[in-house]
Amino acid sequence: MSYTSSEMMTVAAARALRNDDVCFVGIGLPSAACNVARLTHAPDLTLIYESGTIATRPAILPLSIGDGELCETALTTVSVPEMFRYWLQGGRITLGFLGGAQIDRYGNLNSTVIGDYAKPKVRLPGAGGATEIASQCGRTFVVMQQSARTFVEKLDFLTTLGHGRTGRERRELGIRTAGPQLVVTDLCMLQPEQDTCEFIVTSLHPGVTREQVQQNTGWPVRFADTVAQTAGPTADELAVLRELNERTARAHRSDS
Amino acid sequence: MALFFRLEEAVSDLIHDGDSVAMEGFTHLIPFAAGHEIIRQRLRNLTLIRMTPDLIYDQLIGAGCARKLIFSWGGNPGVGSLHRLRDAVERGWPNPIEIEEHSHAAMANAYAAGASNLPCAVFRGYEGVDLAQLNPNIRTVTCPFTGERLACVPAIRPDVAVIHARRADREGNVLLEGIVGVQKEAVLSAKRSLVTVEEVVDNFGPRSPNAVILPKWTVSAISVVPGGARPSYAHGYYSRDNSFYVKWDEVSKSRESFLEWLRLEVTA
């Protein structure tokens with residue numbers, strides 16, 4: 001069965017979620033992956049969106065972090081201060097799922113500016129919830145399209161702390177959560193090396209070569225001693241993802 | 001009924017040039033009609049405060065109402081950039097804009113501190129990130145009990161808070177339901193407040209004793225504006241016009257098409 005690299009990415013990210021995770025979900029790719037997980041192997045996965053919706057089970061993917069669908073299908077909806085204070089800072093969330101415009105080898109993310117902060121070439125949306133999601137969820141996953149422009153040697157701006165500019169910063173800053181443990185792209189999966197916390201390639205998606213990964217990485221990327229091959233999406237996974245996307249497109253078309 | 005005013009009157013009485021204004025609503029219940037009235041009244045030099053500037057502040061910024069923006073996530077949710085915000089930040093059009101940037105956790109805590117009549121908010125956050133070096137309003141305090149270093153930002157205390165709610169009762173009490181965001185905190189942290197509502201009801205009827213209600217004595221003015229949150233939504237009344245959010249990307253991309261939209265949809 002044929003599939004796109006973007007579908008492979010979403011499915012690979014979905015598989016990494018556990019049934020007992022309590023997951024803080026970012027909009028876009030993370031939201032798609034989390035809902036595919038919930039509709040396949042992880043039916044009890046708890047999804048939390050920063051608009052305050054706890055244990056939500058949307059039938060379609062929300063366009064925004066606070067679509068009505070999220071509130072209507074949630075177990076409960078709390079205020080935004082309560083969400084960030086009691087639930088996120090309170091340590092109740094096991095997994096944060098993030099994206100970004102740039103990532104470096106230690107899993108630090110930039111979603112603020114390209115160029116200089118005071119005189120940016122491109123002004124990006126900014127931190128939103130990501131800064132504290134990254135420091136306060138038990139662990140985080142990142143899902144992004146991989147290219148030499150997005151996987152960079154040096155971030156233009158450090159919006160969200162991964163393992164810091166040295167790989168050791170979390171411990172030095174007294175942060176007790178694990179930080180980024182997995183990066184899923186349209187080409188491969190990367191995980192932090194045990195001692196250095198540098199992200200190294202641990203699995204290549206079907207048909208992807210090491211050269212391709214290097215061409216799309218802005219630093220000399222390293223590979224694990226044994227690099228696995230990601231299993232292609234199953235018919236069931238693809239069907240769930242495509243039906244979800246189709247339901248979503250239909251719903252968003254009919255809004256006005 | 002002293003609380004109830006026409007929207008034009010409420011905006012001109014409560015909001016003045018140079019004010020700090022927090023127009024809140026986290027995706028849900030964004031007070032667009034009040035924003036458009038601010039544009040029509042040509043208010044200038046406002047400090048606009050909002051966690052997610054969204055289309056409402058893209059419009060106010062493009063219309064030249066803002067001198068400064070305090071925010072934590074400035075995108076068009078699920079779509080992309082806010083082009084008018086970007087044009088102001090990157091090229092100073094229609095006027096240069098000062099930005100004070102935070103994270104969501106900081107803004108949410110700062111509103112709660114404002115509502116609590118505290119000078120600042122204390123929380124865990126901002127560890128190891130560049131924003132903490134660039135924004136002088138991000139500082140740290142040491143816990144006097146444990147010695148832990150904690151993040152600290154000033155409380156948000158706007159001159160005016162503006163929110164949209166589903167309904168008020170005849171006495172002027174306001175019921176907040178659904179995704180309630182930081183609206184209660186915004187109103188309680190502000191010197192003055194304007195609430196637009198979908199409708200006025202004789203009474204709220206059966207409700208949970210824990211329903212979120214702003215008593216009439218916490219609100220300066222209420223204006224009845226059905227549809228006042230469009231293209232955002234009012235739970236139970238109308239849904240989010242996601243296709244407008246998608247379309248806004250095109251409308252707002254060039255100065256010309258934005259000004260044309262402004263003329264046809266807001267100022268005409």
# chains A, B, ... in the order shown; residues from 1 in each chain; ligands from 1

$ closest_atom_pairs --of "chain A" --to "chain B" --cutoff "9 Å" --atoms "only C-alpha atoms" --output "JSON lines"
{"residue": "A:Ile27", "atom": "CA", "partner": "B:Gly78", "partner_atom": "CA", "distance": 6.6}
{"residue": "A:Gly28", "atom": "CA", "partner": "B:Gly78", "partner_atom": "CA", "distance": 6.3}
{"residue": "A:Ser51", "atom": "CA", "partner": "B:Gly181", "partner_atom": "CA", "distance": 6.4}
{"residue": "A:Gly52", "atom": "CA", "partner": "B:Ile179", "partner_atom": "CA", "distance": 6.7}
{"residue": "A:Thr53", "atom": "CA", "partner": "B:Ile179", "partner_atom": "CA", "distance": 7.5}
{"residue": "A:Pro62", "atom": "CA", "partner": "B:Gly78", "partner_atom": "CA", "distance": 8.3}
{"residue": "A:Leu63", "atom": "CA", "partner": "B:Gly78", "partner_atom": "CA", "distance": 5.0}
{"residue": "A:Ser64", "atom": "CA", "partner": "B:Pro77", "partner_atom": "CA", "distance": 4.9}
{"residue": "A:Ile65", "atom": "CA", "partner": "B:Pro77", "partner_atom": "CA", "distance": 7.2}
{"residue": "A:Gly66", "atom": "CA", "partner": "B:Thr27", "partner_atom": "CA", "distance": 5.2}
{"residue": "A:Asp67", "atom": "CA", "partner": "B:Arg240", "partner_atom": "CA", "distance": 6.9}
{"residue": "A:Gly68", "atom": "CA", "partner": "B:His235", "partner_atom": "CA", "distance": 6.7}
{"residue": "A:Cys71", "atom": "CA", "partner": "B:Gly178", "partner_atom": "CA", "distance": 6.5}
{"residue": "A:Glu72", "atom": "CA", "partner": "B:Gly178", "partner_atom": "CA", "distance": 8.3}
{"residue": "A:Thr77", "atom": "CA", "partner": "B:Ile179", "partner_atom": "CA", "distance": 6.4}
{"residue": "A:Val78", "atom": "CA", "partner": "B:Ile179", "partner_atom": "CA", "distance": 7.3}
{"residue": "A:Ser79", "atom": "CA", "partner": "B:Gly181", "partner_atom": "CA", "distance": 5.0}
{"residue": "A:Val80", "atom": "CA", "partner": "B:Gly181", "partner_atom": "CA", "distance": 4.8}
{"residue": "A:Pro81", "atom": "CA", "partner": "B:Ala108", "partner_atom": "CA", "distance": 4.8}
{"residue": "A:Glu82", "atom": "CA", "partner": "B:Ala108", "partner_atom": "CA", "distance": 8.5}
{"residue": "A:Met83", "atom": "CA", "partner": "B:Ala105", "partner_atom": "CA", "distance": 8.9}
{"residue": "A:Phe84", "atom": "CA", "partner": "B:Ala105", "partner_atom": "CA", "distance": 5.6}
{"residue": "A:Arg85", "atom": "CA", "partner": "B:Asn109", "partner_atom": "CA", "distance": 7.6}
{"residue": "A:Gln89", "atom": "CA", "partner": "B:Arg124", "partner_atom": "CA", "distance": 7.0}
{"residue": "A:Tyr117", "atom": "CA", "partner": "B:Leu134", "partner_atom": "CA", "distance": 8.8}
{"residue": "A:Ala118", "atom": "CA", "partner": "B:Val89", "partner_atom": "CA", "distance": 8.8}
{"residue": "A:Lys119", "atom": "CA", "partner": "B:Glu90", "partner_atom": "CA", "distance": 6.5}
{"residue": "A:Pro120", "atom": "CA", "partner": "B:Glu90", "partner_atom": "CA", "distance": 6.1}
{"residue": "A:Lys121", "atom": "CA", "partner": "B:Glu90", "partner_atom": "CA", "distance": 6.9}
{"residue": "A:Val122", "atom": "CA", "partner": "B:Glu90", "partner_atom": "CA", "distance": 7.3}
{"residue": "A:Arg123", "atom": "CA", "partner": "B:Arg86", "partner_atom": "CA", "distance": 5.9}
{"residue": "A:Leu124", "atom": "CA", "partner": "B:Ser81", "partner_atom": "CA", "distance": 7.0}
{"residue": "A:Pro125", "atom": "CA", "partner": "B:Gly74", "partner_atom": "CA", "distance": 4.3}
{"residue": "A:Gly126", "atom": "CA", "partner": "B:Trp73", "partner_atom": "CA", "distance": 5.1}
{"residue": "A:Ala127", "atom": "CA", "partner": "B:Ser103", "partner_atom": "CA", "distance": 5.4}
{"residue": "A:Gly128", "atom": "CA", "partner": "B:Trp73", "partner_atom": "CA", "distance": 4.5}
{"residue": "A:Gly129", "atom": "CA", "partner": "B:His104", "partner_atom": "CA", "distance": 4.9}
{"residue": "A:Ala130", "atom": "CA", "partner": "B:Ser103", "partner_atom": "CA", "distance": 7.7}
{"residue": "A:Thr131", "atom": "CA", "partner": "B:Tyr126", "partner_atom": "CA", "distance": 6.5}
{"residue": "A:Glu132", "atom": "CA", "partner": "B:Gly125", "partner_atom": "CA", "distance": 5.7}
{"residue": "A:Ser135", "atom": "CA", "partner": "B:Gly125", "partner_atom": "CA", "distance": 7.4}
{"residue": "A:Gln136", "atom": "CA", "partner": "B:Gly125", "partner_atom": "CA", "distance": 8.5}
{"residue": "A:Phe157", "atom": "CA", "partner": "B:Asp130", "partner_atom": "CA", "distance": 6.5}
{"residue": "A:Leu158", "atom": "CA", "partner": "B:Asp130", "partner_atom": "CA", "distance": 5.3}
{"residue": "A:Thr159", "atom": "CA", "partner": "B:Val129", "partner_atom": "CA", "distance": 5.7}
{"residue": "A:Thr160", "atom": "CA", "partner": "B:Val129", "partner_atom": "CA", "distance": 6.2}
{"residue": "A:Leu161", "atom": "CA", "partner": "B:Val129", "partner_atom": "CA", "distance": 6.1}
{"residue": "A:Gly164", "atom": "CA", "partner": "B:Gly128", "partner_atom": "CA", "distance": 7.1}
{"residue": "A:Glu169", "atom": "CA", "partner": "B:Gly128", "partner_atom": "CA", "distance": 7.5}
{"residue": "A:Arg170", "atom": "CA", "partner": "B:Gly128", "partner_atom": "CA", "distance": 8.1}
{"residue": "A:Leu173", "atom": "CA", "partner": "B:Glu127", "partner_atom": "CA", "distance": 6.9}
{"residue": "A:Ile175", "atom": "CA", "partner": "B:Glu127", "partner_atom": "CA", "distance": 8.1}
{"residue": "A:His252", "atom": "CA", "partner": "B:Asn242", "partner_atom": "CA", "distance": 6.0}
{"residue": "A:Arg253", "atom": "CA", "partner": "B:Ser243", "partner_atom": "CA", "distance": 6.4}
{"residue": "A:Ser254", "atom": "CA", "partner": "B:Ser243", "partner_atom": "CA", "distance": 8.0}
{"residue": "A:Asp255", "atom": "CA", "partner": "B:Asp241", "partner_atom": "CA", "distance": 5.3}
{"residue": "A:Ser256", "atom": "CA", "partner": "B:Asp241", "partner_atom": "CA", "distance": 5.4}

$ select_by_dssp --residues "range 50-253 of chain A" --states "alpha helix (DSSP H)" --output "PyMOL selection string"
chain A and resi 68-72+80-82+130-136+169-172+210-215+235-253

$ residues_around --residues "Tyr57 in chain B" --least-positions-apart "5" --cutoff "10 Å" --atoms "only C-alpha atoms" --output "PDB file with N, CA, C and O atoms, in the first residue's frame"
ATOM      1  N   MET B  23      -7.968  42.301  25.662  1.00  0.00           N
ATOM      2  CA  MET B  23      -9.172  41.720  25.055  1.00  0.00           C
ATOM      3  C   MET B  23      -8.936  40.221  25.023  1.00  0.00           C
ATOM      4  O   MET B  23      -8.177  39.727  24.204  1.00  0.00           O
ATOM      5  N   PHE B  32     -14.554  40.177  18.944  1.00  0.00           N
ATOM      6  CA  PHE B  32     -14.262  40.834  17.663  1.00  0.00           C
ATOM      7  C   PHE B  32     -15.090  42.109  17.452  1.00  0.00           C
ATOM      8  O   PHE B  32     -14.572  43.115  16.963  1.00  0.00           O
ATOM      9  N   GLY B  35     -13.578  44.901  19.172  1.00  0.00           N
ATOM     10  CA  GLY B  35     -12.337  45.273  18.493  1.00  0.00           C
ATOM     11  C   GLY B  35     -12.629  46.157  17.282  1.00  0.00           C
ATOM     12  O   GLY B  35     -11.959  47.164  17.058  1.00  0.00           O
ATOM     13  N   LEU B  48      -1.763  46.780  23.749  1.00  0.00           N
ATOM     14  CA  LEU B  48      -2.677  45.647  23.619  1.00  0.00           C
ATOM     15  C   LEU B  48      -2.084  44.432  24.331  1.00  0.00           C
ATOM     16  O   LEU B  48      -0.935  44.065  24.091  1.00  0.00           O
ATOM     17  N   ILE B  49      -2.863  43.839  25.209  1.00  0.00           N
ATOM     18  CA  ILE B  49      -2.420  42.675  25.981  1.00  0.00           C
ATOM     19  C   ILE B  49      -3.318  41.501  25.613  1.00  0.00           C
ATOM     20  O   ILE B  49      -4.540  41.642  25.591  1.00  0.00           O
ATOM     21  N   ARG B  50      -2.720  40.390  25.289  1.00  0.00           N
ATOM     22  CA  ARG B  50      -3.517  39.202  24.944  1.00  0.00           C
ATOM     23  C   ARG B  50      -2.579  38.021  24.787  1.00  0.00           C
ATOM     24  O   ARG B  50      -1.527  38.149  24.177  1.00  0.00           O
ATOM     25  N   THR B  52      -2.901  35.262  23.013  1.00  0.00           N
ATOM     26  CA  THR B  52      -2.804  34.880  21.601  1.00  0.00           C
ATOM     27  C   THR B  52      -3.417  35.998  20.760  1.00  0.00           C
ATOM     28  O   THR B  52      -4.628  36.040  20.586  1.00  0.00           O
ATOM     29  N   GLY B  62      -2.987  46.328  12.308  1.00  0.00           N
ATOM     30  CA  GLY B  62      -3.004  46.792  10.920  1.00  0.00           C
ATOM     31  C   GLY B  62      -3.745  48.113  10.768  1.00  0.00           C
ATOM     32  O   GLY B  62      -3.417  48.925   9.910  1.00  0.00           O
ATOM     33  N   ALA B  63      -4.746  48.341  11.628  1.00  0.00           N
ATOM     34  CA  ALA B  63      -5.525  49.578  11.567  1.00  0.00           C
ATOM     35  C   ALA B  63      -4.825  50.729  12.295  1.00  0.00           C
ATOM     36  O   ALA B  63      -5.343  51.841  12.329  1.00  0.00           O
ATOM     37  N   CYS B  65      -3.981  51.005  15.641  1.00  0.00           N
ATOM     38  CA  CYS B  65      -4.440  51.339  16.996  1.00  0.00           C
ATOM     39  C   CYS B  65      -3.371  51.090  18.064  1.00  0.00           C
ATOM     40  O   CYS B  65      -3.494  51.590  19.176  1.00  0.00           O
ATOM     41  N   ALA B  66      -2.344  50.286  17.744  1.00  0.00           N
ATOM     42  CA  ALA B  66      -1.455  49.779  18.803  1.00  0.00           C
ATOM     43  C   ALA B  66      -0.092  50.458  18.813  1.00  0.00           C
ATOM     44  O   ALA B  66       0.495  50.717  17.763  1.00  0.00           O
ATOM     45  N   LEU B  69       2.544  45.695  22.112  1.00  0.00           N
ATOM     46  CA  LEU B  69       1.826  44.426  22.221  1.00  0.00           C
ATOM     47  C   LEU B  69       2.503  43.571  23.291  1.00  0.00           C
ATOM     48  O   LEU B  69       3.712  43.360  23.243  1.00  0.00           O
ATOM     49  N   GLY B  74       1.835  34.544  18.848  1.00  0.00           N
ATOM     50  CA  GLY B  74       1.277  35.410  17.824  1.00  0.00           C
ATOM     51  C   GLY B  74       1.153  34.760  16.468  1.00  0.00           C
ATOM     52  O   GLY B  74       1.823  35.171  15.526  1.00  0.00           O
ATOM     53  N   LEU B  82       0.462  35.764  11.464  1.00  0.00           N
ATOM     54  CA  LEU B  82      -0.380  36.959  11.490  1.00  0.00           C
ATOM     55  C   LEU B  82       0.377  38.007  10.668  1.00  0.00           C
ATOM     56  O   LEU B  82       1.350  38.587  11.134  1.00  0.00           O
ATOM     57  N   ARG B  84      -0.304  41.063   9.519  1.00  0.00           N
ATOM     58  CA  ARG B  84      -0.285  42.468   9.933  1.00  0.00           C
ATOM     59  C   ARG B  84       0.659  42.661  11.131  1.00  0.00           C
ATOM     60  O   ARG B  84       1.347  43.665  11.227  1.00  0.00           O
ATOM     61  N   LEU B  85       0.641  41.703  12.059  1.00  0.00           N
ATOM     62  CA  LEU B  85       1.581  41.754  13.188  1.00  0.00           C
ATOM     63  C   LEU B  85       3.019  41.683  12.663  1.00  0.00           C
ATOM     64  O   LEU B  85       3.891  42.450  13.071  1.00  0.00           O
TER      65      LEU B  85
END

$ select_by_dssp --residues "range 11-221 of chain B" --states "strand (DSSP E or B)" --output "short mmCIF file (atom, residue, chain, number, x, y, z; two decimals) with N, CA, C and O atoms, in the first residue's frame"
data_model
loop_
_atom_site.label_atom_id
_atom_site.label_comp_id
_atom_site.auth_asym_id
_atom_site.auth_seq_id
_atom_site.Cartn_x
_atom_site.Cartn_y
_atom_site.Cartn_z
N SER B 20 -3.95 50.77 28.35
CA SER B 20 -3.61 49.36 28.18
C SER B 20 -4.92 48.57 28.19
O SER B 20 -5.77 48.76 29.07
N VAL B 21 -5.08 47.74 27.16
CA VAL B 21 -6.35 47.04 26.95
C VAL B 21 -6.09 45.54 26.79
O VAL B 21 -5.29 45.14 25.95
N ALA B 22 -6.77 44.75 27.60
CA ALA B 22 -6.68 43.28 27.47
C ALA B 22 -7.99 42.77 26.91
O ALA B 22 -9.03 42.84 27.58
N MET B 23 -7.97 42.30 25.66
CA MET B 23 -9.17 41.72 25.06
C MET B 23 -8.94 40.22 25.02
O MET B 23 -8.18 39.73 24.20
N HIS B 28 -12.04 30.67 21.89
CA HIS B 28 -13.48 30.80 22.11
C HIS B 28 -13.79 32.23 22.55
O HIS B 28 -13.00 32.85 23.25
N LEU B 46 -2.59 52.37 21.85
CA LEU B 46 -3.01 51.40 22.86
C LEU B 46 -1.87 50.42 23.14
O LEU B 46 -1.11 50.06 22.23
N THR B 47 -1.76 50.00 24.40
CA THR B 47 -0.96 48.83 24.72
C THR B 47 -1.92 47.65 24.72
O THR B 47 -2.82 47.58 25.56
N LEU B 48 -1.76 46.78 23.75
CA LEU B 48 -2.68 45.65 23.62
C LEU B 48 -2.08 44.43 24.33
O LEU B 48 -0.93 44.07 24.09
N ILE B 49 -2.86 43.84 25.21
CA ILE B 49 -2.42 42.67 25.98
C ILE B 49 -3.32 41.50 25.61
O ILE B 49 -4.54 41.64 25.59
N ALA B 66 -2.34 50.29 17.74
CA ALA B 66 -1.45 49.78 18.80
C ALA B 66 -0.09 50.46 18.81
O ALA B 66 0.50 50.72 17.76
N ARG B 67 0.39 50.74 20.00
CA ARG B 67 1.76 51.21 20.19
C ARG B 67 2.64 50.06 20.69
O ARG B 67 3.82 49.97 20.40
N LYS B 68 2.02 49.18 21.49
CA LYS B 68 2.77 48.10 22.12
C LYS B 68 1.89 46.85 22.20
O LYS B 68 0.67 46.96 22.34
N LEU B 69 2.54 45.69 22.11
CA LEU B 69 1.83 44.43 22.22
C LEU B 69 2.50 43.57 23.29
O LEU B 69 3.71 43.36 23.24
N ILE B 70 1.71 43.11 24.24
CA ILE B 70 2.20 42.14 25.23
C ILE B 70 1.49 40.82 24.94
O ILE B 70 0.26 40.76 24.95
N PHE B 71 2.27 39.76 24.66
CA PHE B 71 1.64 38.53 24.13
C PHE B 71 2.53 37.32 24.39
O PHE B 71 3.68 37.44 24.79
N GLY B 75 0.30 33.76 16.34
CA GLY B 75 0.08 33.14 15.04
C GLY B 75 -1.41 33.07 14.71
O GLY B 75 -2.25 33.40 15.55
N ASN B 76 -1.72 32.65 13.48
CA ASN B 76 -3.08 32.33 13.09
C ASN B 76 -3.23 30.83 13.34
O ASN B 76 -2.65 30.03 12.61
N GLY B 80 -1.05 29.73 10.12
CA GLY B 80 0.29 30.27 9.86
C GLY B 80 0.53 31.58 10.58
O GLY B 80 0.28 31.71 11.77
N SER B 81 0.99 32.57 9.81
CA SER B 81 1.42 33.84 10.39
C SER B 81 0.25 34.80 10.58
O SER B 81 -0.78 34.70 9.91
N GLU B 98 6.13 48.20 19.68
CA GLU B 98 7.00 47.63 20.70
C GLU B 98 6.39 46.30 21.12
O GLU B 98 5.17 46.20 21.27
N ILE B 99 7.23 45.27 21.29
CA ILE B 99 6.65 44.02 21.78
C ILE B 99 7.27 43.61 23.11
O ILE B 99 8.45 43.81 23.35
N GLU B 100 6.41 43.11 23.98
CA GLU B 100 6.87 42.46 25.21
C GLU B 100 6.36 41.04 25.16
O GLU B 100 5.15 40.79 25.20
N GLU B 101 7.29 40.11 25.08
CA GLU B 101 6.92 38.73 24.76
C GLU B 101 7.11 37.81 25.96
O GLU B 101 8.10 37.91 26.68
N CYS B 120 3.22 40.84 41.51
CA CYS B 120 3.93 39.98 40.54
C CYS B 120 3.44 38.54 40.67
O CYS B 120 2.76 38.18 41.62
N ALA B 121 3.79 37.76 39.67
CA ALA B 121 3.47 36.34 39.66
C ALA B 121 4.74 35.53 39.83
O ALA B 121 5.77 35.86 39.25
N VAL B 122 4.67 34.50 40.63
CA VAL B 122 5.81 33.61 40.86
C VAL B 122 5.44 32.22 40.36
O VAL B 122 4.36 31.72 40.67
N PHE B 123 6.31 31.62 39.59
CA PHE B 123 6.02 30.30 39.03
C PHE B 123 7.32 29.63 38.60
O PHE B 123 8.38 30.26 38.60
N ARG B 139 12.16 38.00 35.48
CA ARG B 139 13.21 37.97 36.51
C ARG B 139 13.03 36.73 37.38
O ARG B 139 12.16 35.90 37.13
N THR B 140 13.86 36.62 38.40
CA THR B 140 13.72 35.47 39.31
C THR B 140 13.61 35.96 40.75
O THR B 140 14.04 37.06 41.08
N VAL B 141 12.98 35.15 41.57
CA VAL B 141 12.98 35.38 43.02
C VAL B 141 13.42 34.07 43.67
O VAL B 141 13.29 32.99 43.09
N THR B 142 13.94 34.20 44.89
CA THR B 142 14.37 33.02 45.62
C THR B 142 13.31 32.70 46.67
O THR B 142 12.93 33.57 47.46
N ARG B 149 15.13 28.91 43.12
CA ARG B 149 14.97 30.08 42.27
C ARG B 149 13.75 29.90 41.38
O ARG B 149 13.63 28.89 40.69
N LEU B 150 12.86 30.87 41.41
CA LEU B 150 11.61 30.77 40.65
C LEU B 150 11.49 31.95 39.70
O LEU B 150 12.03 33.03 39.96
N ALA B 151 10.76 31.73 38.61
CA ALA B 151 10.53 32.81 37.65
C ALA B 151 9.52 33.80 38.22
O ALA B 151 8.65 33.44 39.01
N CYS B 152 9.67 35.06 37.81
CA CYS B 152 8.81 36.11 38.33
C CYS B 152 8.53 37.13 37.22
O CYS B 152 9.46 37.55 36.53
N VAL B 153 7.27 37.47 37.02
CA VAL B 153 6.89 38.50 36.04
C VAL B 153 5.91 39.45 36.70
O VAL B 153 5.23 39.08 37.67
N PRO B 154 5.83 40.71 36.22
CA PRO B 154 4.87 41.64 36.82
C PRO B 154 3.44 41.17 36.61
O PRO B 154 3.13 40.56 35.58
N VAL B 160 -8.25 48.53 30.95
CA VAL B 160 -9.55 48.00 30.55
C VAL B 160 -9.43 46.54 30.11
O VAL B 160 -8.49 46.19 29.40
N ALA B 161 -10.37 45.72 30.56
CA ALA B 161 -10.50 44.36 30.02
C ALA B 161 -11.75 44.32 29.16
O ALA B 161 -12.77 44.92 29.52
N VAL B 162 -11.68 43.63 28.03
CA VAL B 162 -12.84 43.47 27.15
C VAL B 162 -13.01 41.98 26.88
O VAL B 162 -12.06 41.31 26.45
N ILE B 163 -14.19 41.45 27.17
CA ILE B 163 -14.45 40.03 26.88
C ILE B 163 -15.84 39.89 26.24
O ILE B 163 -16.66 40.81 26.32
N HIS B 164 -16.07 38.75 25.63
CA HIS B 164 -17.40 38.42 25.11
C HIS B 164 -17.90 37.21 25.89
O HIS B 164 -17.13 36.28 26.16
N ALA B 165 -19.17 37.24 26.31
CA ALA B 165 -19.74 36.11 27.05
C ALA B 165 -21.04 35.68 26.39
O ALA B 165 -21.60 36.42 25.57
N ARG B 166 -21.49 34.51 26.73
CA ARG B 166 -22.72 34.01 26.10
C ARG B 166 -23.92 34.81 26.58
O ARG B 166 -24.75 35.23 25.81
N ARG B 167 -24.04 35.02 27.89
CA ARG B 167 -25.24 35.73 28.33
C ARG B 167 -25.04 36.46 29.65
O ARG B 167 -24.19 36.09 30.46
N ALA B 168 -25.85 37.51 29.79
CA ALA B 168 -25.99 38.21 31.05
C ALA B 168 -27.43 38.06 31.51
O ALA B 168 -28.32 37.80 30.69
N ASP B 169 -27.67 38.23 32.81
CA ASP B 169 -29.07 38.30 33.24
C ASP B 169 -29.48 39.78 33.31
O ASP B 169 -28.66 40.67 33.08
N VAL B 174 -22.87 38.14 34.70
CA VAL B 174 -22.41 37.53 33.45
C VAL B 174 -22.00 36.08 33.71
O VAL B 174 -21.26 35.79 34.67
N LEU B 175 -22.47 35.17 32.87
CA LEU B 175 -22.16 33.74 33.00
C LEU B 175 -21.09 33.36 31.98
O LEU B 175 -21.23 33.63 30.79
N LEU B 176 -20.01 32.75 32.47
CA LEU B 176 -18.94 32.28 31.58
C LEU B 176 -18.98 30.76 31.53
O LEU B 176 -19.02 30.10 32.57
N ARG B 192 -11.22 48.81 34.60
CA ARG B 192 -12.56 48.90 34.03
C ARG B 192 -12.78 47.69 33.14
O ARG B 192 -11.83 47.09 32.66
N SER B 193 -14.04 47.35 32.91
CA SER B 193 -14.29 46.19 32.06
C SER B 193 -15.53 46.36 31.21
O SER B 193 -16.52 46.95 31.64
N LEU B 194 -15.43 45.83 29.99
CA LEU B 194 -16.56 45.83 29.05
C LEU B 194 -16.83 44.38 28.66
O LEU B 194 -15.91 43.66 28.25
N VAL B 195 -18.07 43.97 28.80
CA VAL B 195 -18.46 42.62 28.40
C VAL B 195 -19.52 42.72 27.31
O VAL B 195 -20.56 43.35 27.52
N THR B 196 -19.25 42.16 26.14
CA THR B 196 -20.30 42.02 25.15
C THR B 196 -20.92 40.63 25.33
O THR B 196 -20.23 39.69 25.71
N VAL B 197 -22.23 40.53 25.10
CA VAL B 197 -22.91 39.24 25.31
C VAL B 197 -23.79 38.92 24.12
O VAL B 197 -24.25 39.81 23.39
N GLU B 198 -24.05 37.62 23.93
CA GLU B 198 -24.97 37.17 22.88
C GLU B 198 -26.39 37.60 23.19
O GLU B 198 -27.13 37.99 22.30
N GLU B 199 -26.79 37.47 24.47
CA GLU B 199 -28.18 37.79 24.81
C GLU B 199 -28.32 38.05 26.30
O GLU B 199 -27.45 37.71 27.10
N VAL B 200 -29.44 38.69 26.63
CA VAL B 200 -29.78 38.91 28.03
C VAL B 200 -30.96 38.01 28.36
O VAL B 200 -31.92 37.93 27.58
N VAL B 201 -30.86 37.30 29.48
CA VAL B 201 -31.94 36.39 29.86
C VAL B 201 -32.54 36.84 31.19
O VAL B 201 -31.89 37.56 31.96
N VAL B 212 -19.18 29.55 36.53
CA VAL B 212 -18.29 30.71 36.58
C VAL B 212 -19.11 31.96 36.27
O VAL B 212 -19.61 32.13 35.15
N ILE B 213 -19.29 32.81 37.26
CA ILE B 213 -20.12 34.00 37.11
C ILE B 213 -19.35 35.24 37.53
O ILE B 213 -18.65 35.23 38.55
N LEU B 214 -19.43 36.29 36.70
CA LEU B 214 -18.91 37.59 37.11
C LEU B 214 -20.09 38.38 37.65
O LEU B 214 -21.00 38.74 36.88
N ALA B 221 -19.47 47.79 32.11
CA ALA B 221 -20.50 47.97 31.09
C ALA B 221 -20.74 46.67 30.34
O ALA B 221 -19.82 45.88 30.13
#

$ residues_around --residues "range 35-46 of chain A" --least-positions-apart "6" --cutoff "9 Å" --atoms "only C-alpha atoms" --output "PyMOL selection string"
chain A and resi 10-11+13-24+54-61+236-237+240-241+244

$ residues_around --residues "Pro30 in chain A" --least-positions-apart "5" --cutoff "8 Å" --atoms "only C-alpha atoms" --output "ChimeraX atom specification"
/A:10,13,25,97-99,142-143

$ write_last_selection --atoms "C-alpha atoms" --output "PDB file, in the first residue's frame"
ATOM      1  CA  THR A  10       2.458  10.856  11.706  1.00  0.00           C
ATOM      2  CA  ALA A  13       4.887   9.456  16.054  1.00  0.00           C
ATOM      3  CA  VAL A  25      -0.877  18.191  22.722  1.00  0.00           C
ATOM      4  CA  PHE A  97       4.268  16.698  22.166  1.00  0.00           C
ATOM      5  CA  LEU A  98       5.876  19.627  20.369  1.00  0.00           C
ATOM      6  CA  GLY A  99       6.838  20.992  16.964  1.00  0.00           C
ATOM      7  CA  VAL A 142       9.136  16.392  18.840  1.00  0.00           C
ATOM      8  CA  VAL A 143       7.620  15.877  15.416  1.00  0.00           C
TER       9      VAL A 143
END

$ residues_around --residues "Lys154 in chain A" --least-positions-apart "2" --cutoff "12 Å" --atoms "only C-alpha atoms" --output "list in words"
Gln102, Ile103, Asp104, Arg105, Tyr106, Gly107, Asn108, Leu109, Asn110, Ile114, Gly115, Ala148, Arg149, Thr150, Phe151, Val152, Asp156, Phe157, Leu158, Gly164, Arg165, Thr166, Thr217, Gly218 and Trp219 of chain A
